[in-house]
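Working notes for the structure below.
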There are 2 protein chains.
Amino acid sequence: MTDHQQINVTSPAKNTAAKEALFVIKIGGNIIDDSNKLESFLKDFSAIQGKKILVHGGGKLATQLARDLNVEQEMVDGRRITDAATLKIVTMVYAGYINKNIVAKLQSNGSNAMGFTGADANLILAHKRLAEASKGIDYGFVGDIDAVNTAAIEPMLAQHIAIVLAPITHNGAGQLLNTNADTIAQSIATAMSGQYNVWLLYCFEKSGVLLDASDDTTVIPTINQTYYQSLKEKQLIFAGMIPKLDNAFEALNSGVEKVIIGKAESILDLVEGKAGTTIQKS
Amino acid sequence: MTDHQQINVTSPAKNTAAKEALFVIKIGGNIIDDSNKLESFLKDFSAIQGKKILVHGGGKLATQLARDLNVEQEMVDGRRITDAATLKIVTMVYAGYINKNIVAKLQSNGSNAMGFTGADANLILAHKRLAEASKGIDYGFVGDIDAVNTAAIEPMLAQHIAIVLAPITHNGAGQLLNTNADTIAQSIATAMSGQYNVWLLYCFEKSGVLLDASDDTTVIPTINQTYYQSLKEKQLIFAGMIPKLDNAFEALNSGVEKVIIGKAESILDLVEGKAGTTIQKS
C-alpha cells in the first residue's frame, strides 16, 4: 500500500466540522454533447444531498452552430478566439440552450435549480483579456475573472436551489464575455471556501488521473503535493493533465477542501470520495 | 372634458395604500430589434424607483436565425408554430442572447438584475397547448401558463433585484415551452397582485390606444370599462387593439391595479401615468 492510498477520504456531507459542505461540480462537453449521458448525469446530480453548484461547458454545439452560420472559428492553444459573432453564438448556446435545458431537466428530477451567467446578480465580474502583444494574440471577447459575488449566491443555496452556471461572464459595463468553465468552477469554489467546506469536482471523459493514459483502469486514487512531485519526476503524469493538477493544487492552496477528478457517470461515487482521483493538499 | 379624463391618475410609487408598488413592464420586438432604442430604454428602466419585473419578447432575431439555419417558420394567427428546431432557436435567442444582454446592460446602469425563464426556480409552470383538433392546428412546443411561483419571486424583489423574464416556460417534466410574452406579463402581474399594488405596462410602437390608428397624436389618455364599451359601439377602437384591451380588463378584474399601454421611449412618463393610455377598472 502506498502513501497516497492511506489518506483518509471523508465525504464533506458527513463532515462534522463547523463549515457546511458545498459541492462545485464542473461538467464538460463529453456529457453535454450526449443527451442520454446528460440526462443520466442530471438524475444523479439531483440525488446529491446538500448544497451544490453546477458549472457547464459548451461542448460541440457552439462549434456546430458556428459552422451552420458560416462563422469561422479560430482556436489558439485550445481556446476559442471570440469575435462578436462568436460571442453571440456562445451566449445563445451556453446561456440559452444548454443552461435552460439543464435547469428544466433538474426541475423534472425534483431538484430546484436556477441557471445563470456571471451577469445575473453580478455573480462573476471579469475583464476582457488583453491582447498578448508579445504573441500577437487577441482572444477577443474572452473574460478573465476579477470577482465572485458570494453574497448573491448564499441566499439561493440557503433555499436549497442548485445553481447552474453557464461559462459567460460580464465586465460590469454591459459587455458579456466568454470565460473558461474550468476557471469559473475553480473561482467559485475558491470564493465560496470562506463559508463552506468546498469540494470541487471536475467531471471529464476519463475515470480520473491515470498512471497509463491509455488504460482507464489505472486510476490513481489520491494525490497530494508530495506524491504529485514524485509522479512528475518519474514522468508518470500525462502531460495534458499537468495544468489541471496545477489548477487543482492552486484551488487547494486557496481554501478549497478537496478536488476530485473523474467520470461524470460516477458522480454519486465521486461525491463520496469512492471513485476518481482525489487531490489533497497534504 | 370627457369623463375618462377626469379619472385621477396616481403613480403607485406615490401610493400610500398598504400594498407596495410593483411595475410589470413588457417590451416587444420594436425595441429589442433596435439596439439604440433598447439601450436607451434600459437606462430609463434602471431609473425607475421601486420594484420591477421586465418581460421581453423576441423580435426579429429568432426569425432571422431560423432563416440563416434554413428552419422553415410557420405562423398561424400571428403565433409561431414551434417545432423542435424552432424551440431550440427561440430558447437560444430569447433566453440566451436577448435576456443576458439585457441583464448585462442593466448591471452597467447600476440596476441589479437577474434573467430567467419559467424553468428557473420553477417560476412559470405551463402545459403544452393541445392541438386544436377542430382547426387542425398543432402549435408544437407552445406553452399555456398554469401557475406562477410568487414565493420564488418575492425574495428577489425584496433584494431590489430587477427580474428579467424571457418568454420561455417549462412543463415541470423537463420540457421547455415557447410562451407569448404578453401573456407572461399578464400572468405575472395578476399573480403578484395579491401582495403588491401592480401596474402592468405594455410598451409597443405607438403612443397608446389611438382614436385614429394612423395618427399618433390621438392618444386616449384613460379608458375604463364604460368608456371602452362606448368606443367599441362607435367603432372607434382599432380592431387589432381589441384583444389587447380585453386582456387588460381581464388583468384589472383579476387584481391588477392599472394597465398602461404606450411607447417604450416614454417609459418614465408611463410609470407616472403621464403618458400612454391608462386602462382602469372603473
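Letters A, B, ... go to the chains of the C-alpha cells in the order shown; residues in each chain start at 1; ligands are counted from 1 in the same order.
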
At a cut-off of 7 Å, which residues of chain A touch chain B? Count only C-alpha atoms and give the answer as a list in words. Asp68, Leu69, Lys88, Thr91, Met92, Val93, Ala95, Gly96, Tyr97, Val103, Ala104, Lys105, Gln107, Ser108, Asn112, Ala113, Met114, Gly115, Ala119, Asp120, Ala121, His170, Gly172, Ala173, Gly174, Gln175 and Leu176 of chain A

Could those selected residues go to a file with C-alpha atoms, as a PDB file, in the first residue's frame?
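File written: out-v6.pdb
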```
ATOM      1  CA  ASP A  68     -24.054  26.267 -39.800  1.00  0.00           C
ATOM      2  CA  LEU A  69     -23.896  30.079 -39.742  1.00  0.00           C
ATOM      3  CA  LYS A  88     -23.332  35.883 -29.875  1.00  0.00           C
ATOM      4  CA  THR A  91     -24.176  33.287 -25.438  1.00  0.00           C
ATOM      5  CA  MET A  92     -27.089  31.687 -27.287  1.00  0.00           C
ATOM      6  CA  VAL A  93     -25.809  28.133 -26.915  1.00  0.00           C
ATOM      7  CA  ALA A  95     -26.596  30.654 -21.572  1.00  0.00           C
ATOM      8  CA  GLY A  96     -29.702  29.817 -23.603  1.00  0.00           C
ATOM      9  CA  TYR A  97     -29.982  26.310 -24.964  1.00  0.00           C
ATOM     10  CA  VAL A 103     -32.426  23.664 -15.440  1.00  0.00           C
ATOM     11  CA  ALA A 104     -35.656  22.203 -16.878  1.00  0.00           C
ATOM     12  CA  LYS A 105     -34.285  18.655 -16.530  1.00  0.00           C
ATOM     13  CA  GLN A 107     -36.714  20.579 -12.141  1.00  0.00           C
ATOM     14  CA  SER A 108     -38.173  17.399 -13.627  1.00  0.00           C
ATOM     15  CA  ASN A 112     -34.995  23.109  -7.719  1.00  0.00           C
ATOM     16  CA  ALA A 113     -32.473  24.949  -9.881  1.00  0.00           C
ATOM     17  CA  MET A 114     -31.696  28.372 -11.289  1.00  0.00           C
ATOM     18  CA  GLY A 115     -29.493  28.999 -14.301  1.00  0.00           C
ATOM     19  CA  ALA A 119     -24.018  38.993 -15.416  1.00  0.00           C
ATOM     20  CA  ASP A 120     -27.022  37.812 -13.394  1.00  0.00           C
ATOM     21  CA  ALA A 121     -26.903  39.428  -9.955  1.00  0.00           C
ATOM     22  CA  HIS A 170     -19.590  40.253 -17.861  1.00  0.00           C
ATOM     23  CA  GLY A 172     -19.898  45.437 -15.434  1.00  0.00           C
ATOM     24  CA  ALA A 173     -20.036  47.879 -18.327  1.00  0.00           C
ATOM     25  CA  GLY A 174     -22.603  45.983 -20.369  1.00  0.00           C
ATOM     26  CA  GLN A 175     -20.259  43.596 -22.155  1.00  0.00           C
ATOM     27  CA  LEU A 176     -20.754  39.833 -21.929  1.00  0.00           C
TER      28      LEU A 176
END
```

Using the chain letters and numbers from this document, which residues of segment 65-198 of chain A does DSSP assign to alpha helix (DSSP H), as number ranges by chain? A: 65-68, 84-90, 99-108, 150-158, 181-192

How many Å lie between atom CA of Gln49 of chain B and atom CA of Thr150 of chain A, rounded to one decimal? 25.7 Å

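One distance worth recording is that between atom CA of Arg129 of chain B and atom CA of Asn178 of chain B, which is 10.1 Å.
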
Contacts of Arg80 of chain A at 9 Å or less, counting only C-alpha atoms, minus same-chain residues fewer than 3 places along, as a ChimeraX atom specification? /A:73-77,86,139,142,178

Run DSSP on the backbone of this structure and report the residues of segment 28-93 of chain A it assigns to strand (DSSP E), as JSON, numbers by chain. {"A": [51, 52, 53, 54, 55, 56, 75, 76, 79, 80]}

Using only C-alpha atoms, which protein or nucleic acid residues come within 6 Å of Thr278 of chain B? Drop anything in the same chain fewer than 3 positions from it, and give the result as a VMD selection string. chain B and resid 222 259 to 260

Write a file of the just-selected residues containing N, CA and C atoms, as a PDB file, in the first residue's frame.
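Final file, again_2.pdb:
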```pdb
ATOM      1  N   THR B 222     -57.234  57.885 -20.912  1.00  0.00           N
ATOM      2  CA  THR B 222     -57.741  56.927 -19.922  1.00  0.00           C
ATOM      3  C   THR B 222     -58.964  56.211 -20.468  1.00  0.00           C
ATOM      4  N   VAL B 259     -53.494  49.134 -15.884  1.00  0.00           N
ATOM      5  CA  VAL B 259     -52.751  48.709 -17.071  1.00  0.00           C
ATOM      6  C   VAL B 259     -52.521  49.953 -17.920  1.00  0.00           C
ATOM      7  N   ILE B 260     -51.295  50.113 -18.381  1.00  0.00           N
ATOM      8  CA  ILE B 260     -50.971  51.268 -19.226  1.00  0.00           C
ATOM      9  C   ILE B 260     -50.344  50.757 -20.513  1.00  0.00           C
TER      10      ILE B 260
END
```

Atomic separation - atom CA of Phe41 of chain A relative to atom CA of Ala264 of chain A, Å: 6.5 Å

Of the listed residues A:Leu157, A:Leu268, A:Ala126, A:Ile32, that which approaches Leu201 of chain A most closely, counting only C-alpha atoms: A:Leu268

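Proximity ranking of A:Glu257, A:Asp212, A:Glu154, A:Glu205 relative to Gln186 of chain A places A:Glu257 first, based on only C-alpha atoms.
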